[in-house]
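Enquirer: Can you keep this structure in mind? I'll have questions shortly.
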Amino acid sequence: MDDKTMTAVSAIKSLFENIIFLSTVTSLCIAQFLKLVFYLLTHKNKKKRDVIETIIWRTGGMPSSHSAVVCSLATSAGIREGVNSNFFIFCLVFAMVVLRDSVGVRRAAGMQAKALNNLGKQSAEKTGIIFRSVKEIQGHTPLEVFVGASLGILIAVFFHLAKLSWVNQSQSLSAIFAAIFRLV
């Protein structure tokens with residue numbers, strides 16, 4: 001391999017050895033998996049497309065994956081870099097903005113879009129004018145944000161307490177994820 005390829009491989013390896021990155025990505029994956037489980041338990045008509053969208057893309061629902069990610073990031077940064085570090089302060093403020101946005105702005109915008117769509121449909125029925133609905137983005141309830149945030153914090157603490165860095169422990173990625181999913 002040439003030097004550029006070796007540098008790229010080294011960079012990717014370093015990324016997957018970074019405990020902050022690992023705990024954050026794991027929080028995202030577990031939150032999305034749990035969101036799918038809740039979706040499957042609460043929806044009777046399960047379309048294949050909806051299931052795939054829930055896993056990959058859909059916003060809203062229990063738990064908040066945004067909350068899990070930013071809380072895992074902030075917790076990992078606080079444990080690894082210290083709560084007095086600039087990196088932790090940045091992550092904490094970033095988490096606060098995301099959490100507030102999830103339960104406030106995005107939720108309000110989704111409710112407003114829903115009301116607008118209802119009004120548009122009623123007007124279309126009365127006037128015969130074609131109405132195209134606007135996208136209803138879904139925010140989160142405070143409980144969904146709380147559960148997501150708690151999940152992210154717990155995963156970050158688990159990673160750091162268990163010292164699941166395969167630089168230090170020489171564990172493989174599959175062994176780490178197997179240990180995590182046994183707990184879930």
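Residue names in the structure tokens use chain letters A, B, ... in the order shown, residue numbers from 1 in each chain, and ligand numbers from 1 in the order shown.
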Which of chain A end up as helix (DSSP H, G or I) when DSSP is run on this backbone - answer as an MDAnalysis selection string?

Expert: chainID A and resid 3:15 19:42 48:56 65:81 86:127 142:161 166:169 173:183

Enquirer: Taking 5 positions as the minimum chain separation for residues in the same chain, which residues sit within 9 Å of Leu73 of chain A when counting only C-alpha atoms? Answer as a PyMOL selection string.

Expert: chain A and resi 20-21+23-24+68+78+88+91-92+95+152-153+156

Enquirer: Limited to N, CA and C atoms, could you put the picked residues into a file as a JSON list (two decimals), in the first residue's frame?

Expert:
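again15.json was written with the following content:
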```json
[["chain", "number", "residue", "atom", "x", "y", "z"],
["A", 20, "ILE", "N", -14.94, 7.95, 22.64],
["A", 20, "ILE", "CA", -16.00, 8.95, 22.51],
["A", 20, "ILE", "C", -16.82, 8.65, 21.26],
["A", 21, "PHE", "N", -16.15, 8.39, 20.16],
["A", 21, "PHE", "CA", -16.85, 8.04, 18.91],
["A", 21, "PHE", "C", -17.67, 6.77, 19.09],
["A", 23, "SER", "N", -18.89, 5.25, 21.83],
["A", 23, "SER", "CA", -20.06, 5.34, 22.71],
["A", 23, "SER", "C", -21.17, 6.15, 22.04],
["A", 24, "THR", "N", -20.80, 7.18, 21.27],
["A", 24, "THR", "CA", -21.79, 8.00, 20.60],
["A", 24, "THR", "C", -22.49, 7.23, 19.49],
["A", 68, "ALA", "N", -30.00, 10.78, 22.73],
["A", 68, "ALA", "CA", -29.04, 9.74, 23.09],
["A", 68, "ALA", "C", -27.65, 10.09, 22.58],
["A", 78, "GLY", "N", -16.94, 14.63, 28.95],
["A", 78, "GLY", "CA", -16.72, 14.99, 30.35],
["A", 78, "GLY", "C", -15.86, 13.98, 31.08],
["A", 88, "PHE", "N", -15.64, 19.60, 26.53],
["A", 88, "PHE", "CA", -16.83, 19.21, 27.27],
["A", 88, "PHE", "C", -17.85, 20.35, 27.29],
["A", 91, "CYS", "N", -19.60, 20.45, 24.02],
["A", 91, "CYS", "CA", -20.53, 19.31, 23.89],
["A", 91, "CYS", "C", -21.76, 19.50, 24.76],
["A", 92, "LEU", "N", -21.58, 20.04, 25.95],
["A", 92, "LEU", "CA", -22.70, 20.26, 26.86],
["A", 92, "LEU", "C", -23.66, 21.30, 26.28],
["A", 95, "ALA", "N", -25.47, 19.83, 23.37],
["A", 95, "ALA", "CA", -26.52, 18.91, 23.84],
["A", 95, "ALA", "C", -27.74, 19.69, 24.32],
["A", 152, "GLY", "N", -28.25, 7.57, 26.37],
["A", 152, "GLY", "CA", -26.94, 8.05, 25.93],
["A", 152, "GLY", "C", -25.95, 8.17, 27.08],
["A", 153, "ILE", "N", -26.41, 8.69, 28.21],
["A", 153, "ILE", "CA", -25.54, 8.82, 29.38],
["A", 153, "ILE", "C", -25.11, 7.45, 29.88],
["A", 156, "ALA", "N", -22.54, 5.83, 27.53],
["A", 156, "ALA", "CA", -21.23, 6.47, 27.68],
["A", 156, "ALA", "C", -20.54, 6.03, 28.96]]
```

Enquirer: Find the spatial neighbours of Asp101 of chain A, counting only C-alpha atoms, within a cut-off of 12 Å - ignore same-chain residues fewer than 6 positions away - and output them as a list of chain:residue names.

Expert: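 Everything that qualifies: A:Gly60, A:Ser64, A:His66, A:Ser67, A:Phe94, A:Ala95, A:Arg107, A:Ala108, A:Ala109, A:Gly110, A:Gln138, A:Gly139, A:His140, A:Thr141, A:Pro142, A:Val145.
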
Enquirer: Taking only C-alpha atoms into account, name the residue in A:Ala77, A:Leu22, A:Met62, A:Val51 that is nearest to Phe38 of chain A.

Expert: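 Using only C-alpha atoms, the shortest distance to Phe38 of chain A belongs to A:Met62.
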
Enquirer: Would you mind reading off the distance between atom CA of Ser150 of chain A and atom CA of Val70 of chain A, one decimal, in Å?

Expert: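 Atom CA of Val70 of chain A lies 10.8 Å from atom CA of Ser150 of chain A.
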
Enquirer: Quick one: distance from atom CA of Arg100 of chain A to atom CA of Ala31 of chain A in Å, one decimal?

Expert: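 Those two atoms sit 18.3 Å apart.
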
Enquirer: What's the 9 Å shell around Ser133 of chain A, counting only C-alpha atoms, without same-chain residues fewer than 5 positions away, as a PyMOL selection string?

Expert: chain A and resi 113-114+116-118+120-121
